[in-house]
file data.json (JSON, C-alpha atoms and all ligand atoms)
[["chain", "number", "residue", "atom", "x", "y", "z"],
["A", 1, "MET", "CA", -34.37, 17.36, -15.64],
["A", 2, "LYS", "CA", -37.84, 18.29, -16.91],
["A", 3, "PRO", "CA", -39.20, 17.87, -20.45],
["A", 4, "VAL", "CA", -38.92, 20.92, -22.68],
["A", 5, "LEU", "CA", -41.19, 21.65, -25.64],
["A", 6, "LYS", "CA", -40.37, 24.20, -28.31],
["A", 7, "VAL", "CA", -42.83, 24.98, -31.09],
["A", 8, "LEU", "CA", -41.01, 24.84, -34.44],
["A", 9, "ALA", "CA", -43.87, 25.30, -36.87],
["A", 10, "ARG", "CA", -47.56, 26.10, -36.75],
["A", 11, "PRO", "CA", -50.46, 26.62, -39.18],
["A", 12, "SER", "CA", -50.55, 29.92, -41.04],
["A", 13, "ILE", "CA", -53.22, 31.23, -43.39],
["A", 14, "THR", "CA", -52.34, 32.38, -46.88],
["A", 15, "GLU", "CA", -54.25, 34.58, -49.30],
["A", 16, "GLY", "CA", -55.87, 31.45, -50.81],
["A", 17, "MET", "CA", -58.72, 31.54, -48.32],
["A", 18, "GLU", "CA", -59.66, 35.16, -49.10],
["A", 19, "ASP", "CA", -59.16, 34.51, -52.84],
["A", 20, "PHE", "CA", -61.61, 31.63, -52.74],
["A", 21, "LEU", "CA", -64.27, 33.59, -50.86],
["A", 22, "ARG", "CA", -63.91, 36.59, -53.16],
["A", 23, "GLU", "CA", -63.98, 34.54, -56.36],
["A", 24, "ALA", "CA", -67.01, 32.54, -55.16],
["A", 25, "ARG", "CA", -68.67, 35.79, -53.94],
["A", 26, "LEU", "CA", -69.11, 34.31, -50.50],
["A", 27, "THR", "CA", -68.97, 35.94, -47.10],
["A", 28, "TRP", "CA", -67.89, 34.38, -43.85],
["A", 29, "VAL", "CA", -68.51, 36.05, -40.50],
["A", 30, "GLU", "CA", -65.54, 35.14, -38.32],
["A", 31, "THR", "CA", -64.70, 35.79, -34.69],
["A", 32, "SER", "CA", -61.68, 38.02, -34.32],
["A", 33, "GLU", "CA", -60.01, 35.91, -31.60],
["A", 34, "ALA", "CA", -59.75, 32.78, -33.77],
["A", 35, "THR", "CA", -56.14, 31.61, -34.19],
["A", 36, "PRO", "CA", -54.82, 30.61, -37.64],
["A", 37, "ALA", "CA", -55.28, 26.92, -36.73],
["A", 38, "GLU", "CA", -58.87, 27.52, -35.67],
["A", 39, "ARG", "CA", -59.61, 29.56, -38.80],
["A", 40, "LEU", "CA", -58.20, 26.78, -40.98],
["A", 41, "ILE", "CA", -60.30, 24.13, -39.24],
["A", 42, "GLU", "CA", -63.48, 26.20, -39.39],
["A", 43, "PHE", "CA", -62.90, 27.02, -43.06],
["A", 44, "ALA", "CA", -62.33, 23.34, -43.90],
["A", 45, "GLY", "CA", -65.49, 22.37, -42.00],
["A", 46, "ARG", "CA", -67.54, 25.03, -43.77],
["A", 47, "ILE", "CA", -66.32, 23.83, -47.16],
["A", 48, "CYS", "CA", -67.98, 20.46, -46.45],
["A", 49, "TYR", "CA", -71.42, 22.08, -46.41],
["A", 50, "MET", "CA", -70.56, 25.36, -48.16],
["A", 51, "SER", "CA", -71.95, 27.04, -45.07],
["A", 52, "PHE", "CA", -70.86, 30.53, -46.00],
["A", 53, "GLY", "CA", -72.99, 33.61, -46.66],
["A", 54, "THR", "CA", -76.69, 32.97, -46.09],
["A", 55, "ARG", "CA", -75.87, 29.34, -45.24],
["A", 56, "GLN", "CA", -73.78, 30.34, -42.21],
["A", 57, "HIS", "CA", -75.91, 29.71, -39.14],
["A", 58, "ARG", "CA", -73.36, 29.14, -36.42],
["A", 59, "ILE", "CA", -71.17, 32.13, -35.60],
["A", 60, "GLY", "CA", -68.07, 31.75, -33.47],
["A", 61, "HIS", "CA", -65.10, 29.49, -34.07],
["A", 62, "SER", "CA", -65.12, 27.86, -30.64],
["A", 63, "ASP", "CA", -68.80, 26.96, -30.92],
["A", 64, "TYR", "CA", -68.22, 25.71, -34.47],
["A", 65, "ILE", "CA", -65.22, 23.54, -33.52],
["A", 66, "SER", "CA", -66.92, 22.17, -30.38],
["A", 67, "ASN", "CA", -69.79, 21.11, -32.59],
["A", 68, "LEU", "CA", -67.45, 19.36, -35.05],
["A", 69, "ILE", "CA", -65.98, 17.42, -32.12],
["A", 70, "ALA", "CA", -69.40, 16.65, -30.62],
["A", 71, "GLN", "CA", -70.63, 15.34, -34.00],
["A", 72, "GLY", "CA", -67.55, 13.09, -34.37],
["A", 73, "HIS", "CA", -66.55, 15.06, -37.48],
["A", 74, "GLU", "CA", -62.95, 15.13, -36.23],
["A", 75, "SER", "CA", -61.22, 14.48, -39.55],
["A", 76, "VAL", "CA", -61.56, 18.23, -40.13],
["A", 77, "LEU", "CA", -59.17, 18.79, -37.21],
["A", 78, "GLU", "CA", -56.43, 16.97, -39.12],
["A", 79, "HIS", "CA", -55.74, 20.04, -41.28],
["A", 80, "ALA", "CA", -54.02, 21.87, -38.43],
["A", 81, "CYS", "CA", -50.54, 20.53, -37.63],
["A", 82, "TRP", "CA", -47.76, 21.60, -35.34],
["A", 83, "THR", "CA", -44.11, 20.63, -35.28],
["A", 84, "VAL", "CA", -42.42, 20.68, -31.88],
["A", 85, "LEU", "CA", -39.04, 19.75, -30.50],
["A", 86, "LEU", "CA", -39.18, 17.73, -27.30],
["A", 87, "SER", "CA", -35.93, 17.56, -25.38],
["A", 88, "ASP", "CA", -34.81, 16.41, -21.93],
["A", 89, "VAL", "CA", -37.15, 13.44, -22.27],
["A", 90, "SER", "CA", -36.15, 9.83, -21.67],
["A", 91, "ARG", "CA", -35.91, 7.09, -24.29],
["A", 92, "ALA", "CA", -38.49, 5.25, -22.15],
["A", 93, "PHE", "CA", -40.93, 8.09, -22.80],
["A", 94, "THR", "CA", -40.22, 8.34, -26.53],
["A", 95, "HIS", "CA", -40.64, 4.58, -26.91],
["A", 96, "GLN", "CA", -44.22, 5.04, -25.67],
["A", 97, "LEU", "CA", -44.73, 8.21, -27.71],
["A", 98, "VAL", "CA", -43.85, 6.62, -31.04],
["A", 99, "ARG", "CA", -46.55, 4.00, -30.55],
["A", 100, "HIS", "CA", -48.94, 6.73, -31.71],
["A", 101, "ARG", "CA", -49.02, 5.90, -35.41],
["A", 102, "VAL", "CA", -51.77, 8.03, -36.85],
["A", 103, "GLY", "CA", -51.29, 11.74, -37.51],
["A", 104, "PHE", "CA", -47.82, 11.77, -35.95],
["A", 105, "SER", "CA", -44.38, 12.04, -37.58],
["A", 106, "PHE", "CA", -41.13, 11.63, -35.66],
["A", 107, "SER", "CA", -37.43, 12.41, -36.14],
["A", 108, "GLN", "CA", -35.35, 11.31, -33.16],
["A", 109, "LEU", "CA", -31.73, 11.70, -32.16],
["A", 110, "SER", "CA", -29.89, 8.61, -33.41],
["A", 111, "GLN", "CA", -27.70, 6.61, -31.04],
["A", 112, "GLN", "CA", -25.96, 5.12, -34.07],
["A", 113, "TYR", "CA", -24.89, 8.42, -35.65],
["A", 114, "HIS", "CA", -24.52, 10.40, -32.43],
["A", 115, "ASP", "CA", -21.85, 9.60, -29.86],
["A", 116, "GLU", "CA", -23.57, 9.19, -26.49],
["A", 117, "SER", "CA", -20.44, 9.41, -24.29],
["A", 118, "ASP", "CA", -21.79, 12.64, -22.79],
["A", 119, "ALA", "CA", -25.44, 11.62, -22.72],
["A", 120, "ASP", "CA", -27.69, 13.04, -20.01],
["A", 121, "PHE", "CA", -30.09, 10.89, -18.05],
["A", 122, "VAL", "CA", -33.63, 11.65, -16.92],
["A", 123, "ALA", "CA", -34.24, 10.72, -13.29],
["A", 124, "PRO", "CA", -37.75, 9.39, -12.64],
["A", 125, "PHE", "CA", -40.05, 11.76, -10.76],
["A", 126, "GLY", "CA", -39.90, 11.32, -7.00],
["A", 127, "LEU", "CA", -36.77, 9.15, -6.97],
["A", 128, "ASP", "CA", -35.15, 11.43, -4.39],
["A", 129, "ALA", "CA", -37.83, 10.42, -1.88],
["A", 130, "SER", "CA", -35.65, 7.39, -1.17],
["A", 131, "PRO", "CA", -31.93, 8.11, -0.66],
["A", 132, "LEU", "CA", -31.20, 4.42, -1.30],
["A", 133, "ALA", "CA", -33.15, 4.33, -4.56],
["A", 134, "LEU", "CA", -31.44, 7.54, -5.68],
["A", 135, "THR", "CA", -27.97, 6.18, -4.89],
["A", 136, "GLU", "CA", -28.69, 2.88, -6.65],
["A", 137, "TRP", "CA", -29.99, 4.79, -9.70],
["A", 138, "GLN", "CA", -26.96, 7.08, -9.82],
["A", 139, "GLU", "CA", -24.57, 4.14, -9.49],
["A", 140, "ALA", "CA", -26.33, 2.21, -12.25],
["A", 141, "ILE", "CA", -26.17, 5.26, -14.54],
["A", 142, "SER", "CA", -22.44, 5.74, -13.84],
["A", 143, "ALA", "CA", -21.79, 2.05, -14.50],
["A", 144, "ALA", "CA", -23.70, 2.25, -17.80],
["A", 145, "GLN", "CA", -21.74, 5.36, -18.87],
["A", 146, "LYS", "CA", -18.46, 3.66, -17.99],
["A", 147, "ALA", "CA", -19.42, 0.49, -19.87],
["A", 148, "TYR", "CA", -20.55, 2.53, -22.90],
["A", 149, "ASN", "CA", -17.18, 4.25, -23.16],
["A", 150, "ALA", "CA", -15.22, 1.05, -22.49],
["A", 151, "ILE", "CA", -17.07, -0.85, -25.22],
["A", 152, "LYS", "CA", -16.70, 1.99, -27.72],
["A", 153, "GLU", "CA", -13.01, 2.48, -27.02],
["A", 154, "THR", "CA", -11.84, -1.12, -26.77],
["A", 155, "LEU", "CA", -13.97, -2.92, -29.33],
["A", 156, "LYS", "CA", -12.38, -3.28, -32.75],
["A", 157, "ALA", "CA", -14.71, -2.85, -35.70],
["A", 158, "ASP", "CA", -14.66, -5.24, -38.65],
["A", 159, "PRO", "CA", -11.75, -3.93, -40.82],
["A", 160, "ASN", "CA", -13.87, -4.50, -43.94],
["A", 161, "LEU", "CA", -16.28, -1.77, -42.85],
["A", 162, "ASN", "CA", -15.87, 1.81, -44.02],
["A", 163, "ASN", "CA", -15.62, 4.56, -41.37],
["A", 164, "LYS", "CA", -19.32, 5.32, -41.26],
["A", 165, "GLU", "CA", -20.35, 1.68, -40.87],
["A", 166, "ALA", "CA", -17.54, 0.96, -38.40],
["A", 167, "ASN", "CA", -18.81, 3.81, -36.20],
["A", 168, "ARG", "CA", -22.35, 2.49, -36.55],
["A", 169, "ALA", "CA", -21.24, -0.99, -35.47],
["A", 170, "LEU", "CA", -19.27, 0.27, -32.47],
["A", 171, "ARG", "CA", -21.99, 2.64, -31.31],
["A", 172, "SER", "CA", -24.61, -0.06, -31.76],
["A", 173, "ALA", "CA", -22.63, -2.35, -29.48],
["A", 174, "ALA", "CA", -21.98, 0.44, -26.95],
["A", 175, "ARG", "CA", -25.54, 1.78, -26.94],
["A", 176, "SER", "CA", -26.94, -1.63, -26.07],
["A", 177, "ILE", "CA", -25.87, -0.87, -22.51],
["A", 178, "LEU", "CA", -27.64, 2.50, -22.26],
["A", 179, "PRO", "CA", -30.69, 2.60, -20.00],
["A", 180, "ASN", "CA", -34.26, 3.71, -20.63],
["A", 181, "ALA", "CA", -33.39, 6.87, -18.69],
["A", 182, "THR", "CA", -31.04, 8.12, -21.43],
["A", 183, "ALA", "CA", -32.10, 11.62, -22.45],
["A", 184, "THR", "CA", -33.10, 12.18, -26.05],
["A", 185, "LYS", "CA", -34.49, 14.77, -28.43],
["A", 186, "ILE", "CA", -37.33, 14.18, -30.83],
["A", 187, "VAL", "CA", -39.06, 16.38, -33.39],
["A", 188, "VAL", "CA", -42.74, 15.60, -33.47],
["A", 189, "THR", "CA", -45.31, 16.71, -36.00],
["A", 190, "ALA", "CA", -48.88, 16.07, -34.98],
["A", 191, "ASN", "CA", -52.27, 17.28, -36.07],
["A", 192, "ALA", "CA", -55.00, 18.59, -33.79],
["A", 193, "ARG", "CA", -56.95, 15.33, -33.90],
["A", 194, "SER", "CA", -53.96, 13.18, -33.01],
["A", 195, "ILE", "CA", -52.99, 15.57, -30.19],
["A", 196, "ARG", "CA", -56.50, 15.15, -28.77],
["A", 197, "ASN", "CA", -56.18, 11.36, -29.00],
["A", 198, "PHE", "CA", -52.81, 11.55, -27.26],
["A", 199, "LEU", "CA", -54.19, 13.70, -24.42],
["A", 200, "LEU", "CA", -57.21, 11.42, -24.03],
["A", 201, "GLN", "CA", -55.03, 8.33, -23.72],
["A", 202, "ARG", "CA", -52.00, 9.70, -21.92],
["A", 203, "GLY", "CA", -52.87, 12.91, -20.10],
["A", 204, "ALA", "CA", -54.23, 11.44, -16.88],
["A", 205, "ILE", "CA", -52.24, 8.28, -16.17],
["A", 206, "GLU", "CA", -51.44, 8.90, -12.54],
["A", 207, "GLY", "CA", -48.30, 6.78, -12.26],
["A", 208, "ASP", "CA", -46.73, 8.05, -15.50],
["A", 209, "TYR", "CA", -45.24, 11.39, -14.43],
["A", 210, "GLU", "CA", -43.11, 12.01, -17.50],
["A", 211, "MET", "CA", -46.02, 11.29, -19.85],
["A", 212, "ARG", "CA", -48.21, 13.65, -17.83],
["A", 213, "ALA", "CA", -45.51, 16.33, -17.88],
["A", 214, "VAL", "CA", -45.33, 16.17, -21.68],
["A", 215, "SER", "CA", -49.14, 16.09, -21.92],
["A", 216, "LYS", "CA", -49.22, 19.31, -19.88],
["A", 217, "LEU", "CA", -46.72, 20.93, -22.26],
["A", 218, "LEU", "CA", -48.83, 19.92, -25.25],
["A", 219, "TYR", "CA", -52.02, 21.08, -23.55],
["A", 220, "ASP", "CA", -50.45, 24.46, -22.69],
["A", 221, "MET", "CA", -49.29, 24.78, -26.28],
["A", 222, "MET", "CA", -52.81, 24.11, -27.53],
["A", 223, "LEU", "CA", -54.28, 26.67, -25.12],
["A", 224, "ILE", "CA", -52.28, 29.27, -27.03],
["A", 225, "GLU", "CA", -52.38, 27.78, -30.51],
["A", 226, "ALA", "CA", -55.98, 26.57, -30.72],
["A", 227, "PRO", "CA", -57.81, 26.66, -27.37],
["A", 228, "SER", "CA", -61.09, 25.41, -28.83],
["A", 229, "ILE", "CA", -59.40, 22.10, -29.71],
["A", 230, "VAL", "CA", -58.83, 21.37, -26.02],
["A", 231, "ALA", "CA", -61.87, 23.16, -24.59],
["A", 232, "ASP", "CA", -63.25, 19.83, -23.34],
["A", 233, "PHE", "CA", -60.06, 19.11, -21.34],
["A", 234, "GLU", "CA", -58.93, 20.65, -18.09],
["A", 235, "CYS", "CA", -55.68, 20.72, -16.18],
["A", 236, "LYS", "CA", -55.77, 19.51, -12.58],
["A", 237, "GLU", "CA", -52.89, 20.15, -10.23],
["A", 238, "LEU", "CA", -52.19, 17.24, -7.86],
["A", 239, "ASP", "CA", -50.90, 17.48, -4.29],
["A", 240, "ASP", "CA", -47.37, 16.69, -5.47],
["A", 241, "LYS", "CA", -47.59, 19.74, -7.83],
["A", 242, "SER", "CA", -47.63, 17.56, -10.94],
["A", 243, "SER", "CA", -50.45, 18.05, -13.44],
["A", 244, "MET", "CA", -53.06, 15.86, -15.00],
["A", 245, "ILE", "CA", -54.88, 16.64, -18.24],
["A", 246, "VAL", "CA", -58.40, 15.36, -17.80],
["A", 247, "HIS", "CA", -61.13, 15.00, -20.40],
["A", 248, "MET", "CA", -64.36, 16.48, -19.03],
["B", 1, "LIG", "C1", -52.35, 2.94, -20.22],
["B", 1, "LIG", "C2", -51.67, 2.40, -21.45],
["B", 1, "LIG", "C3", -50.98, 1.23, -21.36],
["B", 1, "LIG", "C4", -50.36, 0.69, -22.50],
["B", 1, "LIG", "N1", -49.66, -0.48, -22.38],
["B", 1, "LIG", "C5", -49.07, -0.98, -23.48],
["B", 1, "LIG", "C6", -48.35, -2.23, -23.40],
["B", 1, "LIG", "O1", -48.23, -2.82, -22.35],
["B", 1, "LIG", "N2", -47.79, -2.71, -24.52],
["B", 1, "LIG", "C7", -47.91, -2.07, -25.73],
["B", 1, "LIG", "O2", -47.41, -2.58, -26.72],
["B", 1, "LIG", "N3", -48.57, -0.90, -25.83],
["B", 1, "LIG", "C8", -49.14, -0.35, -24.75],
["B", 1, "LIG", "N4", -49.81, 0.84, -24.85],
["B", 1, "LIG", "C9", -49.84, 1.53, -26.13],
["B", 1, "LIG", "C10", -51.21, 1.37, -26.82],
["B", 1, "LIG", "O3", -51.51, 0.01, -27.06],
["B", 1, "LIG", "C11", -51.23, 2.14, -28.16],
["B", 1, "LIG", "O4", -50.28, 1.55, -29.02],
["B", 1, "LIG", "C12", -50.90, 3.59, -27.99],
["B", 1, "LIG", "O5", -51.55, 4.12, -26.87],
["B", 1, "LIG", "C13", -51.31, 4.35, -29.26],
["B", 1, "LIG", "O6", -52.71, 4.36, -29.30],
["B", 1, "LIG", "P1", -53.52, 4.27, -30.66],
["B", 1, "LIG", "O7", -53.26, 2.98, -31.35],
["B", 1, "LIG", "O8", -54.93, 4.63, -30.33],
["B", 1, "LIG", "O9", -52.88, 5.51, -31.44],
["B", 1, "LIG", "P2", -52.61, 5.63, -32.97],
["B", 1, "LIG", "O10", -51.68, 4.60, -33.44],
["B", 1, "LIG", "O11", -52.20, 7.04, -33.18],
["B", 1, "LIG", "O12", -54.01, 5.36, -33.64],
["B", 1, "LIG", "C14", -55.08, 6.30, -33.50],
["B", 1, "LIG", "C15", -56.40, 5.60, -33.78],
["B", 1, "LIG", "O13", -56.43, 5.19, -35.14],
["B", 1, "LIG", "C16", -57.09, 3.93, -35.23],
["B", 1, "LIG", "N5", -56.14, 2.91, -35.71],
["B", 1, "LIG", "C17", -54.79, 3.03, -35.76],
["B", 1, "LIG", "N6", -54.26, 1.93, -36.29],
["B", 1, "LIG", "C18", -55.26, 1.11, -36.59],
["B", 1, "LIG", "C19", -55.31, -0.18, -37.15],
["B", 1, "LIG", "N7", -54.23, -0.86, -37.51],
["B", 1, "LIG", "N8", -56.52, -0.76, -37.29],
["B", 1, "LIG", "C20", -57.65, -0.10, -36.93],
["B", 1, "LIG", "N9", -57.67, 1.12, -36.39],
["B", 1, "LIG", "C21", -56.48, 1.72, -36.22],
["B", 1, "LIG", "C22", -57.60, 3.60, -33.83],
["B", 1, "LIG", "O14", -58.90, 4.12, -33.70],
["B", 1, "LIG", "C23", -56.64, 4.36, -32.94],
["B", 1, "LIG", "O15", -57.18, 4.68, -31.67],
["B", 1, "LIG", "C24", -50.43, 1.38, -23.73],
["B", 1, "LIG", "C25", -51.13, 2.60, -23.80],
["B", 1, "LIG", "C26", -51.74, 3.11, -22.68],
["B", 1, "LIG", "C27", -52.47, 4.44, -22.80]]
call {"tool": "encode", "arguments": {"input": "data.json", "output": "structure tokens"}}
result
Amino acid sequence: MKPVLKVLARPSITEGMEDFLREARLTWVETSEATPAERLIEFAGRICYMSFGTRQHRIGHSDYISNLIAQGHESVLEHACWTVLLSDVSRAFTHQLVRHRVGFSFSQLSQQYHDESDADFVAPFGLDASPLALTEWQEAISAAQKAYNAIKETLKADPNLNNKEANRALRSAARSILPNATATKIVVTANARSIRNFLLQRGAIEGDYEMRAVSKLLYDMMLIEAPSIVADFECKELDDKSSMIVHM
């Protein structure tokens, strides 16, 4: 099972930008290839110095955004946000992901409201290199599934609890047995600055295959959505065909 990323929402430009320029009688020479996210970031940056019209010296969104990053003026990047759905990722991975507090918002599948009897499990990369390790892993997963169902089906909830809270109590007891490998889904909203911080910290940790796989998905998304945001990163393919997102 490999992580899957689906883009749910992305920046879009409304008529407000044109309205402002027209009303202020300002011109802005843009590059035609700029994506909506890149246009938004460049516009926000230019507002700081009102560098439109005769005050526009730099032409080209990628050059402009690279300069913002080089100057450490990265708060401007925060205006561009994306919402993605990550699925087929492990709870171990999402536990690390949600440590990123700034510029991220999360909504994750609940193990209290959702019955996990049919949960999937994410096998660690390379586990099949050892038949013994693979067998042990599969047996531990089966045992956890069996225990989950046994706890849920045999435990009696406090009769004073209403249905909703009784289910919560039973699932809480049952889920305590589920492993880090349990597959989950999480909706993530992140801005361009926080995505850069994530890639910087997480994209090239050699031993963390799942983290690198998600970093690659995010990097690939950014190459389409706003390539100038990740222009100072590159993707390296390793001998085992996994990828590493490296800051240059
Ligand atoms: C290789 C590696 C190993 C790790 N090991 C562990 C571990 O063993 N245990 C563990 O608990 N975590 C571990 N972490 C998680 C790590 O400590 C961070 O919680 C996580 O990477 C998020 O980073 P962040 O705080 O920079 O991100 P964010 O929370 O998104 O913050 C972004 C930036 O905002 C600023 N900021 C945020 N909050 C504050 C604040 N309160 N005060 C001042 N500035 C702030 C900082 O500049 C920060 O870099 C590990 C991370 C990595 C990459």
call {"tool": "closest_atom_pairs", "arguments": {"input": "data.json", "of": "chain A", "to": "ligand LIG 1 (chain B)", "cutoff": "6 Å", "atoms": "only C-alpha atoms and all ligand atoms", "output": "JSON lines"}}
result
{"residue": "A:Arg99", "atom": "CA", "partner": "B:LIG1", "partner_atom": "O4", "distance": 4.7}
{"residue": "A:His100", "atom": "CA", "partner": "B:LIG1", "partner_atom": "O11", "distance": 3.6}
{"residue": "A:Arg101", "atom": "CA", "partner": "B:LIG1", "partner_atom": "O10", "distance": 3.6}
{"residue": "A:Val102", "atom": "CA", "partner": "B:LIG1", "partner_atom": "O11", "distance": 3.8}
{"residue": "A:Gln201", "atom": "CA", "partner": "B:LIG1", "partner_atom": "C27", "distance": 4.7}
{"residue": "A:Arg202", "atom": "CA", "partner": "B:LIG1", "partner_atom": "C27", "distance": 5.4}
call {"tool": "closest_residue", "arguments": {"input": "data.json", "among": "A:Ile141, A:Ala226, A:Ala231, A:Ile151", "to": "Val122 (chain A)", "atoms": "all atoms listed in the file"}}
result
A:Ile141
call {"tool": "residues_around", "arguments": {"input": "data.json", "residues": "Ala204 (chain A)", "least_positions_apart": "4", "cutoff": "10 Å", "atoms": "all atoms listed in the file", "output": "PyMOL selection string"}}
result
chain A and resi 199-200+208-209+211-212+215-216+235-236+243-247
call {"tool": "residues_around", "arguments": {"input": "data.json", "residues": "Phe125 (chain A)", "least_positions_apart": "5", "cutoff": "10 Å", "atoms": "all atoms listed in the file", "output": "PDB file with C-alpha atoms, in the frame of the given file"}}
result
ATOM      1  CA  MET A   1     -34.370  17.360 -15.640  1.00  0.00           C
ATOM      2  CA  LYS A   2     -37.840  18.290 -16.910  1.00  0.00           C
ATOM      3  CA  GLY A 207     -48.300   6.780 -12.260  1.00  0.00           C
ATOM      4  CA  ASP A 208     -46.730   8.050 -15.500  1.00  0.00           C
ATOM      5  CA  TYR A 209     -45.240  11.390 -14.430  1.00  0.00           C
ATOM      6  CA  GLU A 210     -43.110  12.010 -17.500  1.00  0.00           C
ATOM      7  CA  SER A 242     -47.630  17.560 -10.940  1.00  0.00           C
TER       8      SER A 242
END
call {"tool": "residues_around", "arguments": {"input": "data.json", "residues": "region 154-156 of chain A", "least_positions_apart": "5", "cutoff": "10 Å", "atoms": "all atoms listed in the file", "output": "list in words"}}
result
Asn149, Ala166, Ala169, Leu170, Arg171, Ala173 and Ala174 of chain A
call {"tool": "closest_atom_pairs", "arguments": {"input": "data.json", "of": "region 65-160 of chain A", "to": "region 29-52 of chain A", "cutoff": "7 Å", "atoms": "only C-alpha atoms", "output": "tab-separated table"}}
result
residue	atom	partner	partner_atom	distance
A:Ile65	CA	A:Glu42	CA	6.7
A:Val76	CA	A:Gly45	CA	6.0
A:Leu77	CA	A:Ile41	CA	5.8
A:His79	CA	A:Ile41	CA	6.5
A:Ala80	CA	A:Ala37	CA	5.5
call {"tool": "atom_distance", "arguments": {"input": "data.json", "atom1": "CA of Leu21 (chain A)", "atom2": "CA of Leu223 (chain A)"}}
result
28.5 Å
call {"tool": "closest_residue", "arguments": {"input": "data.json", "among": "A:Trp82, A:Phe121, A:Tyr148, A:Tyr113", "to": "Met221 (chain A)", "atoms": "all atoms listed in the file"}}
result
A:Trp82
call {"tool": "atom_distance", "arguments": {"input": "data.json", "atom1": "CA of Asp88 (chain A)", "atom2": "CA of Leu127 (chain A)"}}
result
16.7 Å
call {"tool": "atom_distance", "arguments": {"input": "data.json", "atom1": "CA of Val187 (chain A)", "atom2": "CA of Gln111 (chain A)"}}
result
15.2 Å
call {"tool": "residues_near_point", "arguments": {"input": "data.json", "point": "(-21.4, 7.3, -33.7)", "cutoff": "6 Å", "atoms": "all atoms listed in the file", "output": "PyMOL selection string"}}
result
chain A and resi 112-115+167-168+171
call {"tool": "closest_residue", "arguments": {"input": "data.json", "among": "A:Pro11, A:Pro227, A:Pro179, A:Pro159", "to": "Cys81 (chain A)", "atoms": "only C-alpha atoms"}}
result
A:Pro11
call {"tool": "closest_residue", "arguments": {"input": "data.json", "among": "A:Ala123, A:Leu132, A:Val84, A:Ala183", "to": "Leu109 (chain A)", "atoms": "all atoms listed in the file"}}
result
A:Ala183
call {"tool": "residues_around", "arguments": {"input": "data.json", "residues": "Met248 (chain A)", "least_positions_apart": "6", "cutoff": "9 Å", "atoms": "all atoms listed in the file", "output": "MDAnalysis selection string"}}
result
chainID A and resid 232:234
call {"tool": "build_atoms", "arguments": {"input": "data.json", "residues": "region 150-154 of chain A", "atoms": "all heavy atoms", "output": "PDB file, keeping the file's coordinate frame"}}
result
ATOM      1  N   ALA A 150     -16.183   2.167 -22.400  1.00  0.00           N
ATOM      2  CA  ALA A 150     -15.220   1.050 -22.490  1.00  0.00           C
ATOM      3  C   ALA A 150     -15.484   0.226 -23.751  1.00  0.00           C
ATOM      4  O   ALA A 150     -14.550  -0.139 -24.482  1.00  0.00           O
ATOM      5  CB  ALA A 150     -15.323   0.180 -21.242  1.00  0.00           C
ATOM      6  N   ILE A 151     -16.731  -0.050 -24.024  1.00  0.00           N
ATOM      7  CA  ILE A 151     -17.070  -0.850 -25.220  1.00  0.00           C
ATOM      8  C   ILE A 151     -16.650  -0.101 -26.475  1.00  0.00           C
ATOM      9  O   ILE A 151     -16.014  -0.653 -27.382  1.00  0.00           O
ATOM     10  CB  ILE A 151     -18.588  -1.175 -25.237  1.00  0.00           C
ATOM     11  CG1 ILE A 151     -18.934  -2.116 -24.080  1.00  0.00           C
ATOM     12  CG2 ILE A 151     -19.003  -1.787 -26.570  1.00  0.00           C
ATOM     13  CD1 ILE A 151     -20.423  -2.293 -23.830  1.00  0.00           C
ATOM     14  N   LYS A 152     -16.996   1.188 -26.519  1.00  0.00           N
ATOM     15  CA  LYS A 152     -16.700   1.990 -27.720  1.00  0.00           C
ATOM     16  C   LYS A 152     -15.198   2.111 -27.949  1.00  0.00           C
ATOM     17  O   LYS A 152     -14.730   2.080 -29.081  1.00  0.00           O
ATOM     18  CB  LYS A 152     -17.328   3.377 -27.537  1.00  0.00           C
ATOM     19  CG  LYS A 152     -17.603   4.118 -28.828  1.00  0.00           C
ATOM     20  CD  LYS A 152     -18.465   5.327 -28.597  1.00  0.00           C
ATOM     21  CE  LYS A 152     -17.902   6.275 -27.569  1.00  0.00           C
ATOM     22  NZ  LYS A 152     -16.788   7.075 -27.943  1.00  0.00           N
ATOM     23  N   GLU A 153     -14.445   2.238 -26.862  1.00  0.00           N
ATOM     24  CA  GLU A 153     -13.010   2.480 -27.020  1.00  0.00           C
ATOM     25  C   GLU A 153     -12.194   1.211 -27.220  1.00  0.00           C
ATOM     26  O   GLU A 153     -11.125   1.247 -27.824  1.00  0.00           O
ATOM     27  CB  GLU A 153     -12.482   3.258 -25.810  1.00  0.00           C
ATOM     28  CG  GLU A 153     -12.797   4.762 -25.938  1.00  0.00           C
ATOM     29  CD  GLU A 153     -12.892   5.453 -24.585  1.00  0.00           C
ATOM     30  OE1 GLU A 153     -12.247   4.968 -23.641  1.00  0.00           O
ATOM     31  OE2 GLU A 153     -13.641   6.456 -24.492  1.00  0.00           O
ATOM     32  N   THR A 154     -12.678   0.087 -26.708  1.00  0.00           N
ATOM     33  CA  THR A 154     -11.840  -1.120 -26.770  1.00  0.00           C
ATOM     34  C   THR A 154     -12.267  -2.082 -27.886  1.00  0.00           C
ATOM     35  O   THR A 154     -11.460  -2.883 -28.350  1.00  0.00           O
ATOM     36  CB  THR A 154     -11.862  -1.887 -25.432  1.00  0.00           C
ATOM     37  OG1 THR A 154     -13.205  -2.263 -25.150  1.00  0.00           O
ATOM     38  CG2 THR A 154     -11.310  -1.039 -24.297  1.00  0.00           C
TER      39      THR A 154
END
